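Accompanying notes for the structure given below.
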Amino acid sequence: MNSKKFYFFLISLIFLAPAVLALNISSDPYDHWAWNDDIGWIDFYYDNIEIDFSQLSGYASSSVGIISFSCDETGNPDGENYCGLSTYYVKNDGEGNLSGWAWNDKIGWISFSCKDETGITDYDVCATSSYKVWIEKGDDNKGHFRGWAWNDKVGWICFNCVDIELSSNDSDYCETVSDFEVVTDWIPPQYTTSGEILSLIIDTETPKATLTGLVWKGEVPTGCDVKFYLGSSDSTDPDSFAWTGPYGYERWESHPEEPDKWYEVSIPDSDLEFHNKHRYLRYKIILKSDPLQLYSPKVEKVVLLWMK
Amino acid sequence: MPKKQAQILIEVIIGILIIGVAFGGSFLLISTALKGQKGSFKRDIARSLLQESQEVLRVLAIEDWFNVYDKRETGKYHFEKNNGKWEIVPGEGLVKVGEESYVRYFEIEDLGNPLKVKIKTTVKWEHGELSSETMLLRYQKEESWAQDDWSGGPVGVKVVSWEESTSTFATSTNIYYSSSGIITLRQP
């Protein structure tokens with residue numbers, strides 16, 4: 001596929017295309033194309049294409065007609081719901097790994113993962129070819145389709161020129177032949193929604209210790225959160241610990257060198273009584289990502305404070 | 001002549017009356033002033049006793065906070081010196097200053113905060129009473145224990161001395177801890 005052909009194809013599609021409404025597929029000229037050696041370019045900047053945490057929906061355009069990614073009306077240009085005949089769709093596992101089936105009237109089913117064929121064929125397809133399509137986060141903070149889908153009539157469908165480079169000896173394919181790919185605004189989550197860590201038991205070596213609070217160093221990106229629970233006990237039995245919290249934090253303005261990275265957690269007066277005369281101390285930190293799971297809080301240092 | 005003698009007698013009587021009233025008034029004034037001075041002196045002594053009480057409590061709290069804290073809401077206390085050291089003893093105490101006797105005691109109010117209490121000290125004497133309230137704070141030095149590395153991974157229930165450092169922790173869920181000096185959420 002040379003660049004001149006590509007431009008011709010691009011221009012012809014612009015004039016032939018119906019009302020384009022690609023909900024979160026990039027409109028950049030090179031960023032919404034998949035390739036198949038038989039049918040040529042497949043345009044993902046087409047009608048109602050949207051990728052979300054659960055599935056790919058809408059339909060793409062190609063030389064063999066539209067390719068539907070979902071049996072319901074969003075995947076079909078005539079607005080018909082075909083799910084009564086076959087409940088096909090291209091699934092997103094929430095982490096950007098695609099699987100399942102798309103449909104085209106001329107070439108039939110298109111599989112997005114070798115695992116789709118488990119139970120259909122009488123042999124282990126993945127053992128022969130572990131093909132799959134996935135979306136990964138790029139440095140541009142966008143989701144980039146990667147990998148290969150399979151159709152029994154026309155063969156492999158490639159979503160990113162990088163995969164042609166990787167599967168051939170042509171490491172300059174993207175630069176010298178065609179820099180195509182499918183790019184979306186949907187980004188797979190980079191972090192789990194939440195996590196927690198529980199400290200060892202710290203022995204203050206005095207039976208009269210009173211836990212008073214904690215200071216910590218780290219970063220909390222917008223939308224993320226960090227919570228603390230503080231525990232104390234007069235014995236090392238984990239079940240005997242009195243826990244208070246969750247506590248938020250405030251900037252620890254008085255830190256001499258890095259006031260923008262230090263935070264303090266103060267135990268309110270009403271909770272101090274729970275930590276009085278307790279020799280053993282612990283902390284528990286809860287980290288929460290932003291709603292899109294693209295960022296995580298970082299904790300670099302925790303300092304427990306108590307009165308001896 | 002008898003008329004002149006009678007006039008002199010009246011003048012003498014009036015003179016004696018004036019002198020008597022003057023002396024009587026002065027005596028009353030001096031007497032009241034002396035009484036006031038004595039009352040003020042007792043009040044000054046009482047104020048000193050209050051101040052002494054607060055200072056002794058502060059010293060005892062620094063020596064061991066729980067000397068004071070554990071006695072909150074348990075009635076009246078006073079000080080007694082034993083082998084040159086002050087001790088807190090239940091009940092009211094009698095303090096003799098010169099010929100005068102004073103009753104001194106204090107009560108410790110719980111503020112629901114193990115780092116401070118309110119002290120109400122009272123000194124009583126004949127025909128007088130003085131009291132004051134002060135906040136007593138825990139003066140013990142604040143200690144700390146820090147952790148800035150979790151790369152040693154989870155080790156379950158384990159006790160570590162506050163004088164030791166560790167790169168381990170008990171347990172975690174969905175936490176990435178392998179890089180030294182930082183923890184973040186794990187990638188899916």
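Each chain in the structure tokens gets a letter, A, B and so on, in the order shown; residues start at 1 in every chain, and ligands are counted from 1 in the order they appear.
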
Do you have, as CSV, the list of residues of range 63-172 of chain B lying at most 10 Å from range 277-287 of chain A, each with its nearest atom pair and that distance in Å to one decimal, counting only C-alpha atoms and ordered by chain then number?
residue,atom,partner,partner_atom,distance
B:Phe66,CA,A:Lys277,CA,9.4
B:Pro114,CA,A:Lys277,CA,9.1
B:Trp145,CA,A:Leu281,CA,10.0
B:Val159,CA,A:Tyr280,CA,8.6
B:Val160,CA,A:Tyr280,CA,9.5
B:Ser161,CA,A:Tyr280,CA,9.4
B:Trp162,CA,A:Leu281,CA,9.5
B:Ala170,CA,A:Lys284,CA,9.8
B:Thr171,CA,A:Lys284,CA,9.6
B:Ser172,CA,A:Lys284,CA,9.4

Write out the residues from the selection above, keeping all heavy atoms, as a compact mmCIF listing (two decimals), in the first residue's frame.
# COMPACT_ATOMS: atom_id res chain seq x y z
N PHE B 66 1.03 10.75 83.53
CA PHE B 66 -0.07 9.96 84.07
C PHE B 66 -0.21 10.10 85.59
O PHE B 66 -1.20 9.68 86.16
CB PHE B 66 0.07 8.50 83.63
CG PHE B 66 -0.11 8.38 82.14
CD1 PHE B 66 0.99 8.29 81.30
CD2 PHE B 66 -1.37 8.42 81.58
CE1 PHE B 66 0.82 8.21 79.93
CE2 PHE B 66 -1.55 8.34 80.21
CZ PHE B 66 -0.45 8.24 79.38
N PRO B 114 -6.27 12.82 75.85
CA PRO B 114 -5.19 12.37 76.74
C PRO B 114 -3.96 13.28 76.74
O PRO B 114 -2.98 12.98 77.40
CB PRO B 114 -4.84 10.99 76.20
CG PRO B 114 -5.30 11.00 74.79
CD PRO B 114 -6.46 11.92 74.71
N TRP B 145 8.58 7.36 64.13
CA TRP B 145 9.11 6.18 63.45
C TRP B 145 8.74 6.32 61.97
O TRP B 145 7.59 6.61 61.64
CB TRP B 145 8.48 4.91 64.03
CG TRP B 145 8.94 3.66 63.32
CD1 TRP B 145 10.06 2.93 63.56
CD2 TRP B 145 8.27 3.00 62.24
NE1 TRP B 145 10.14 1.87 62.71
CE2 TRP B 145 9.06 1.89 61.88
CE3 TRP B 145 7.10 3.25 61.53
CZ2 TRP B 145 8.70 1.02 60.86
CZ3 TRP B 145 6.74 2.38 60.50
CH2 TRP B 145 7.55 1.27 60.19
N VAL B 159 6.60 -7.83 64.61
CA VAL B 159 6.81 -6.65 65.45
C VAL B 159 8.21 -6.09 65.16
O VAL B 159 9.17 -6.84 65.04
CB VAL B 159 6.70 -7.00 66.94
CG1 VAL B 159 6.92 -5.76 67.81
CG2 VAL B 159 5.33 -7.61 67.24
N VAL B 160 8.26 -4.76 65.02
CA VAL B 160 9.56 -4.12 64.79
C VAL B 160 9.72 -3.01 65.81
O VAL B 160 8.76 -2.30 66.14
CB VAL B 160 9.64 -3.58 63.33
CG1 VAL B 160 8.56 -2.56 63.04
CG2 VAL B 160 10.99 -2.98 63.04
N SER B 161 10.92 -2.89 66.36
CA SER B 161 11.17 -1.84 67.36
C SER B 161 11.15 -0.47 66.69
O SER B 161 11.51 -0.33 65.53
CB SER B 161 12.54 -2.05 68.00
OG SER B 161 12.95 -0.87 68.65
N TRP B 162 10.73 0.53 67.45
CA TRP B 162 10.67 1.89 66.90
C TRP B 162 12.06 2.41 66.56
O TRP B 162 12.20 3.38 65.84
CB TRP B 162 9.97 2.82 67.88
CG TRP B 162 10.78 3.17 69.09
CD1 TRP B 162 11.05 2.37 70.16
CD2 TRP B 162 11.45 4.41 69.33
NE1 TRP B 162 11.82 3.03 71.06
CE2 TRP B 162 12.09 4.30 70.58
CE3 TRP B 162 11.57 5.60 68.64
CZ2 TRP B 162 12.83 5.32 71.14
CZ3 TRP B 162 12.32 6.62 69.20
CH2 TRP B 162 12.94 6.49 70.43
N ALA B 170 3.01 -5.77 56.57
CA ALA B 170 2.25 -6.98 56.92
C ALA B 170 1.55 -7.56 55.69
O ALA B 170 1.82 -8.68 55.27
CB ALA B 170 1.24 -6.67 58.02
N THR B 171 0.62 -6.77 55.12
CA THR B 171 -0.15 -7.26 53.97
C THR B 171 -0.44 -6.09 53.03
O THR B 171 -0.34 -4.92 53.42
CB THR B 171 -1.51 -7.85 54.40
OG1 THR B 171 -2.24 -6.84 55.10
CG2 THR B 171 -1.35 -9.07 55.28
N SER B 172 -0.82 -6.43 51.80
CA SER B 172 -1.27 -5.39 50.87
C SER B 172 -2.23 -5.99 49.86
O SER B 172 -2.23 -7.21 49.63
CB SER B 172 -0.08 -4.75 50.14
OG SER B 172 0.43 -5.62 49.16

Practice problem: Return as a ChimeraX atom specification the residues belonging to chain A that are within 6 Å of chain B, counting only C-alpha atoms. | Solution: /A:190-192,195-204,269,273,296-307

Quiz prompt | Gln51 in chain B environment, 12 Å, only C-alpha atoms, sequence neighbours closer than 2 positions dropped, as an NGL selection string | solution = :B and (44-49 or 53-58 or 104 or 106 or 120-123 or 130-134)

Those same residues - N, CA and C atoms - I'd like them written as an mmCIF file, in the first residue's frame.
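Contents of the output file part.cif:
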data_model
loop_
_atom_site.group_PDB
_atom_site.id
_atom_site.type_symbol
_atom_site.label_atom_id
_atom_site.label_comp_id
_atom_site.auth_asym_id
_atom_site.auth_seq_id
_atom_site.Cartn_x
_atom_site.Cartn_y
_atom_site.Cartn_z
ATOM 1 N N ASP B 44 -3.192 37.639 99.290
ATOM 2 C CA ASP B 44 -1.892 37.503 98.602
ATOM 3 C C ASP B 44 -1.281 36.137 98.870
ATOM 4 N N ILE B 45 -1.385 35.720 100.133
ATOM 5 C CA ILE B 45 -0.851 34.392 100.484
ATOM 6 C C ILE B 45 -1.598 33.319 99.683
ATOM 7 N N ALA B 46 -2.932 33.446 99.624
ATOM 8 C CA ALA B 46 -3.742 32.464 98.898
ATOM 9 C C ALA B 46 -3.360 32.424 97.413
ATOM 10 N N ARG B 47 -3.118 33.610 96.872
ATOM 11 C CA ARG B 47 -2.726 33.673 95.458
ATOM 12 C C ARG B 47 -1.378 32.968 95.243
ATOM 13 N N SER B 48 -0.477 33.169 96.170
ATOM 14 C CA SER B 48 0.834 32.499 96.073
ATOM 15 C C SER B 48 0.668 30.985 96.168
ATOM 16 N N LEU B 49 -0.243 30.569 97.060
ATOM 17 C CA LEU B 49 -0.468 29.119 97.200
ATOM 18 C C LEU B 49 -1.055 28.528 95.918
ATOM 19 N N SER B 53 0.796 25.748 93.571
ATOM 20 C CA SER B 53 0.098 24.514 93.220
ATOM 21 C C SER B 53 0.212 24.232 91.717
ATOM 22 N N GLN B 54 0.010 25.260 90.930
ATOM 23 C CA GLN B 54 0.078 25.076 89.475
ATOM 24 C C GLN B 54 1.485 24.690 89.018
ATOM 25 N N GLU B 55 2.482 25.312 89.653
ATOM 26 C CA GLU B 55 3.863 24.999 89.253
ATOM 27 C C GLU B 55 4.240 23.576 89.638
ATOM 28 N N VAL B 56 3.817 23.168 90.836
ATOM 29 C CA VAL B 56 4.130 21.795 91.280
ATOM 30 C C VAL B 56 3.457 20.787 90.340
ATOM 31 N N LEU B 57 2.203 21.058 89.984
ATOM 32 C CA LEU B 57 1.497 20.139 89.072
ATOM 33 C C LEU B 57 2.200 20.039 87.723
ATOM 34 N N ARG B 58 2.679 21.169 87.248
ATOM 35 C CA ARG B 58 3.376 21.183 85.960
ATOM 36 C C ARG B 58 4.636 20.313 86.021
ATOM 37 N N ARG B 104 -6.084 23.886 101.005
ATOM 38 C CA ARG B 104 -5.796 23.924 99.550
ATOM 39 C C ARG B 104 -6.097 22.548 98.938
ATOM 40 N N PHE B 106 -7.069 20.597 94.744
ATOM 41 C CA PHE B 106 -7.327 20.786 93.306
ATOM 42 C C PHE B 106 -8.121 19.604 92.772
ATOM 43 N N LYS B 120 -8.618 22.711 88.378
ATOM 44 C CA LYS B 120 -9.261 23.761 89.179
ATOM 45 C C LYS B 120 -8.676 23.692 90.596
ATOM 46 N N THR B 121 -7.971 24.744 90.985
ATOM 47 C CA THR B 121 -7.318 24.778 92.300
ATOM 48 C C THR B 121 -8.062 25.764 93.195
ATOM 49 N N THR B 122 -8.251 25.374 94.449
ATOM 50 C CA THR B 122 -8.981 26.234 95.399
ATOM 51 C C THR B 122 -8.167 26.399 96.681
ATOM 52 N N VAL B 123 -8.137 27.625 97.207
ATOM 53 C CA VAL B 123 -7.530 27.896 98.516
ATOM 54 C C VAL B 123 -8.585 28.603 99.371
ATOM 55 N N LEU B 130 -10.372 31.527 97.324
ATOM 56 C CA LEU B 130 -9.855 31.944 96.018
ATOM 57 C C LEU B 130 -9.674 30.688 95.163
ATOM 58 N N SER B 131 -10.056 30.743 93.900
ATOM 59 C CA SER B 131 -9.822 29.566 93.052
ATOM 60 C C SER B 131 -9.441 30.013 91.641
ATOM 61 N N SER B 132 -8.795 29.094 90.925
ATOM 62 C CA SER B 132 -8.423 29.410 89.536
ATOM 63 C C SER B 132 -8.446 28.135 88.699
ATOM 64 N N GLU B 133 -8.658 28.298 87.384
ATOM 65 C CA GLU B 133 -8.657 27.153 86.468
ATOM 66 C C GLU B 133 -7.539 27.338 85.445
ATOM 67 N N THR B 134 -6.782 26.264 85.227
ATOM 68 C CA THR B 134 -5.727 26.339 84.209
ATOM 69 C C THR B 134 -5.726 25.053 83.392
#

Practice problem: Would you list the contacts of Gly91 in chain B as a list in words, taking every protein, DNA or RNA residue within 9 Å and counting only C-alpha atoms, but skipping same-chain residues closer than 2 positions in sequence? | Solution: Gly75, Lys76, Tyr77, His78, Val89, Gly93, Tyr105 and Phe106 of chain B

Keeping only N, CA, C and O atoms, write those residues as a CSV table (one decimal), in the first residue's frame.
chain,number,residue,atom,x,y,z
B,75,GLY,N,-12.2,13.3,92.2
B,75,GLY,CA,-12.4,14.1,93.5
B,75,GLY,C,-11.2,15.1,93.7
B,75,GLY,O,-10.5,15.5,92.8
B,76,LYS,N,-11.1,15.4,95.0
B,76,LYS,CA,-10.2,16.4,95.4
B,76,LYS,C,-8.8,15.8,95.8
B,76,LYS,O,-8.7,14.7,96.3
B,77,TYR,N,-7.7,16.6,95.4
B,77,TYR,CA,-6.4,16.2,95.8
B,77,TYR,C,-5.6,17.4,96.3
B,77,TYR,O,-6.0,18.5,96.1
B,78,HIS,N,-4.5,17.1,97.1
B,78,HIS,CA,-3.6,18.1,97.5
B,78,HIS,C,-2.2,17.6,97.4
B,78,HIS,O,-2.0,16.4,97.1
B,89,VAL,N,-1.9,13.7,96.9
B,89,VAL,CA,-2.6,12.9,97.9
B,89,VAL,C,-4.0,13.2,97.9
B,89,VAL,O,-4.4,14.4,97.7
B,93,GLY,N,-5.9,19.6,101.7
B,93,GLY,CA,-4.7,19.7,102.4
B,93,GLY,C,-4.7,21.0,103.3
B,93,GLY,O,-5.3,22.0,102.9
B,105,TYR,N,-6.7,22.6,97.8
B,105,TYR,CA,-7.0,21.3,97.0
B,105,TYR,C,-7.2,21.6,95.6
B,105,TYR,O,-7.4,22.8,95.2
B,106,PHE,N,-7.1,20.6,94.7
B,106,PHE,CA,-7.3,20.8,93.3
B,106,PHE,C,-8.1,19.6,92.8
B,106,PHE,O,-8.1,18.5,93.3

If we count only C-alpha atoms and set the cut-off at 10 Å, which residues sit around Arg72 in chain B, ignoring sequence neighbours fewer than 6 positions away in its own chain? Please answer as a short mmCIF file (atom, residue, chain, number, x, y, z; two decimals) with N, CA, C and O atoms, in the first residue's frame.
data_model
loop_
_atom_site.label_atom_id
_atom_site.label_comp_id
_atom_site.auth_asym_id
_atom_site.auth_seq_id
_atom_site.Cartn_x
_atom_site.Cartn_y
_atom_site.Cartn_z
N PHE B 66 1.03 10.75 83.53
CA PHE B 66 -0.07 9.96 84.07
C PHE B 66 -0.21 10.10 85.59
O PHE B 66 -1.20 9.68 86.16
N GLU B 107 -8.86 19.88 91.69
CA GLU B 107 -9.64 18.84 91.01
C GLU B 107 -9.22 18.82 89.54
O GLU B 107 -8.93 19.88 88.97
N ILE B 108 -9.18 17.61 88.96
CA ILE B 108 -8.70 17.47 87.57
C ILE B 108 -9.88 17.11 86.68
O ILE B 108 -10.51 16.07 86.87
N GLU B 109 -10.14 17.98 85.73
CA GLU B 109 -11.29 17.76 84.84
C GLU B 109 -10.85 17.06 83.56
O GLU B 109 -9.84 17.42 82.94
N ASP B 110 -11.61 16.04 83.16
CA ASP B 110 -11.32 15.29 81.93
C ASP B 110 -11.84 16.08 80.73
O ASP B 110 -13.00 16.48 80.69
N LEU B 111 -10.96 16.29 79.74
CA LEU B 111 -11.38 17.01 78.54
C LEU B 111 -11.56 16.06 77.35
O LEU B 111 -11.67 16.49 76.21
N VAL B 117 -5.53 18.31 80.33
CA VAL B 117 -6.59 18.28 81.35
C VAL B 117 -6.77 19.71 81.86
O VAL B 117 -5.91 20.57 81.67
N LYS B 118 -7.91 19.93 82.53
CA LYS B 118 -8.14 21.24 83.15
C LYS B 118 -8.01 21.06 84.67
O LYS B 118 -8.56 20.12 85.23
N ILE B 119 -7.26 21.96 85.29
CA ILE B 119 -7.05 21.88 86.74
C ILE B 119 -7.79 23.04 87.41
O ILE B 119 -7.59 24.20 87.04
#

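The shortest atom-to-atom distance to Asn24 in chain A, with only C-alpha atoms taken into account, belongs to A:Ile51 out of A:Leu272, A:Ile51, A:Ile164, A:Val226.
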
Quiz prompt | Selection: 8 Å around range 148-161 of chain A, only C-alpha atoms, excl. self and same-chain fewer than 2 positions, as a PyMOL selection string | solution = chain A and resi 33-39+107-113+131-133+144-146+163-165+173-174+178-182

For the selection just defined, write its residues with N, CA and C atoms to a file, as a short mmCIF file (atom, residue, chain, number, x, y, z; two decimals), in the first residue's frame.
data_model
loop_
_atom_site.label_atom_id
_atom_site.label_comp_id
_atom_site.auth_asym_id
_atom_site.auth_seq_id
_atom_site.Cartn_x
_atom_site.Cartn_y
_atom_site.Cartn_z
N TRP A 33 -7.65 3.96 10.76
CA TRP A 33 -7.64 2.97 9.68
C TRP A 33 -7.06 1.63 10.14
N ALA A 34 -7.77 0.58 9.73
CA ALA A 34 -7.22 -0.77 9.86
C ALA A 34 -6.98 -1.28 8.43
N TRP A 35 -6.18 -2.32 8.30
CA TRP A 35 -5.78 -2.79 6.96
C TRP A 35 -5.95 -4.29 6.81
N ASN A 36 -6.47 -4.67 5.64
CA ASN A 36 -6.50 -6.09 5.26
C ASN A 36 -6.02 -6.20 3.82
N ASP A 37 -5.19 -7.23 3.58
CA ASP A 37 -4.58 -7.33 2.25
C ASP A 37 -5.60 -7.53 1.13
N ASP A 38 -6.75 -8.12 1.44
CA ASP A 38 -7.76 -8.37 0.40
C ASP A 38 -8.73 -7.20 0.21
N ILE A 39 -9.25 -6.72 1.32
CA ILE A 39 -10.31 -5.70 1.19
C ILE A 39 -9.78 -4.28 1.38
N ILE A 107 -18.12 -11.01 4.05
CA ILE A 107 -17.01 -11.87 4.50
C ILE A 107 -17.34 -12.62 5.80
N GLY A 108 -18.46 -12.26 6.42
CA GLY A 108 -18.88 -13.02 7.61
C GLY A 108 -18.24 -12.54 8.90
N TRP A 109 -17.97 -13.52 9.78
CA TRP A 109 -17.49 -13.20 11.14
C TRP A 109 -16.02 -12.76 11.14
N ILE A 110 -15.76 -11.80 12.02
CA ILE A 110 -14.38 -11.36 12.26
C ILE A 110 -14.10 -11.56 13.75
N SER A 111 -13.07 -12.34 14.04
CA SER A 111 -12.75 -12.65 15.44
C SER A 111 -11.66 -11.71 15.94
N PHE A 112 -11.86 -11.19 17.14
CA PHE A 112 -10.88 -10.26 17.72
C PHE A 112 -9.92 -10.93 18.69
N SER A 113 -10.08 -12.22 18.93
CA SER A 113 -9.15 -12.92 19.83
C SER A 113 -9.19 -14.40 19.51
N TYR A 131 -3.46 -14.80 18.32
CA TYR A 131 -3.79 -13.44 17.88
C TYR A 131 -4.79 -12.78 18.83
N LYS A 132 -4.73 -11.48 18.86
CA LYS A 132 -5.68 -10.71 19.68
C LYS A 132 -5.59 -9.25 19.27
N VAL A 133 -6.60 -8.50 19.70
CA VAL A 133 -6.60 -7.05 19.49
C VAL A 133 -6.71 -6.41 20.87
N HIS A 144 -4.45 3.40 21.75
CA HIS A 144 -3.99 2.97 20.43
C HIS A 144 -4.34 1.49 20.24
N PHE A 145 -5.13 1.20 19.18
CA PHE A 145 -5.43 -0.19 18.87
C PHE A 145 -4.16 -0.89 18.45
N ARG A 146 -4.03 -2.14 18.87
CA ARG A 146 -2.88 -2.96 18.49
C ARG A 146 -3.37 -4.36 18.12
N ASP A 163 2.44 -3.23 14.21
CA ASP A 163 2.37 -4.68 14.26
C ASP A 163 2.85 -5.32 12.96
N ILE A 164 2.75 -4.59 11.86
CA ILE A 164 3.35 -5.08 10.61
C ILE A 164 4.87 -5.04 10.73
N GLU A 165 5.37 -3.97 11.32
CA GLU A 165 6.83 -3.89 11.55
C GLU A 165 7.31 -5.05 12.41
N TYR A 173 8.39 0.23 8.24
CA TYR A 173 7.13 0.18 7.51
C TYR A 173 6.28 1.44 7.76
N CYS A 174 6.12 1.80 9.03
CA CYS A 174 5.26 2.94 9.36
C CYS A 174 5.77 4.22 8.72
N SER A 178 3.19 3.22 5.28
CA SER A 178 1.94 3.83 5.73
C SER A 178 1.90 3.86 7.26
N ASP A 179 1.68 5.04 7.78
CA ASP A 179 1.69 5.22 9.23
C ASP A 179 0.26 5.13 9.77
N PHE A 180 -0.41 4.00 9.45
CA PHE A 180 -1.83 3.90 9.83
C PHE A 180 -1.99 3.29 11.22
N GLU A 181 -3.08 3.59 11.82
CA GLU A 181 -3.49 2.96 13.08
C GLU A 181 -4.91 3.42 13.41
N VAL A 182 -5.51 2.79 14.42
CA VAL A 182 -6.80 3.25 14.93
C VAL A 182 -6.55 3.81 16.34
#

Quiz item: What are the DSSP alpha helix (DSSP H) residues of range 126-307 of chain A, as an MDAnalysis selection string?
Solution: chainID A and resid 126:128 161:167 173:176 269:272

Since we have the selection now, will you write its residues out, keeping N, CA and C atoms, as a compact mmCIF listing (two decimals), in the first residue's frame?
# COMPACT_ATOMS: atom_id res chain seq x y z
N CYS A 126 -5.42 -20.86 19.83
CA CYS A 126 -4.39 -20.00 20.44
C CYS A 126 -3.01 -20.67 20.42
N ALA A 127 -3.01 -22.01 20.46
CA ALA A 127 -1.72 -22.70 20.41
C ALA A 127 -1.09 -22.53 19.03
N THR A 128 -1.93 -22.39 18.02
CA THR A 128 -1.44 -22.20 16.65
C THR A 128 -1.11 -20.74 16.39
N CYS A 161 0.20 -0.08 12.14
CA CYS A 161 1.36 -0.40 11.29
C CYS A 161 2.53 -0.94 12.10
N VAL A 162 2.56 -0.61 13.39
CA VAL A 162 3.65 -1.11 14.25
C VAL A 162 3.64 -2.63 14.27
N ASP A 163 2.44 -3.23 14.21
CA ASP A 163 2.37 -4.68 14.26
C ASP A 163 2.85 -5.32 12.96
N ILE A 164 2.75 -4.59 11.86
CA ILE A 164 3.35 -5.08 10.61
C ILE A 164 4.87 -5.04 10.73
N GLU A 165 5.37 -3.97 11.32
CA GLU A 165 6.83 -3.89 11.55
C GLU A 165 7.31 -5.05 12.41
N LEU A 166 6.53 -5.35 13.46
CA LEU A 166 6.96 -6.40 14.39
C LEU A 166 6.88 -7.79 13.78
N SER A 167 5.91 -7.99 12.86
CA SER A 167 5.74 -9.33 12.30
C SER A 167 6.53 -9.53 11.00
N TYR A 173 8.39 0.23 8.24
CA TYR A 173 7.13 0.18 7.51
C TYR A 173 6.28 1.44 7.76
N CYS A 174 6.12 1.80 9.03
CA CYS A 174 5.26 2.94 9.36
C CYS A 174 5.77 4.22 8.72
N GLU A 175 7.08 4.36 8.69
CA GLU A 175 7.66 5.60 8.19
C GLU A 175 7.69 5.63 6.65
N THR A 176 7.98 4.48 6.03
CA THR A 176 8.20 4.49 4.58
C THR A 176 6.97 4.06 3.78
N ASP A 269 -9.26 15.17 68.60
CA ASP A 269 -9.26 14.97 70.06
C ASP A 269 -10.15 13.81 70.47
N SER A 270 -11.31 13.70 69.78
CA SER A 270 -12.26 12.67 70.18
C SER A 270 -11.73 11.25 69.96
N ASP A 271 -10.73 11.10 69.10
CA ASP A 271 -10.18 9.76 68.83
C ASP A 271 -8.89 9.47 69.61
N LEU A 272 -8.26 10.51 70.17
CA LEU A 272 -6.98 10.31 70.84
C LEU A 272 -7.09 9.33 72.00

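Between CA of Trp86 in chain B and CA of Met135 in chain B the interatomic distance comes to 20.0 Å.
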
Quiz prompt | Residue list (strand (DSSP E or B), DSSP) for chain B, as a ChimeraX atom specification | solution = /B:76-82,85-90,93-97,100-110,116-125,128-137,142-147,153-154,159-161,168-169,171-173,175-176,183-185

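Taking CA of Leu211 in chain A and CA of Phe241 in chain A as endpoints, the distance between them is 12.4 Å.
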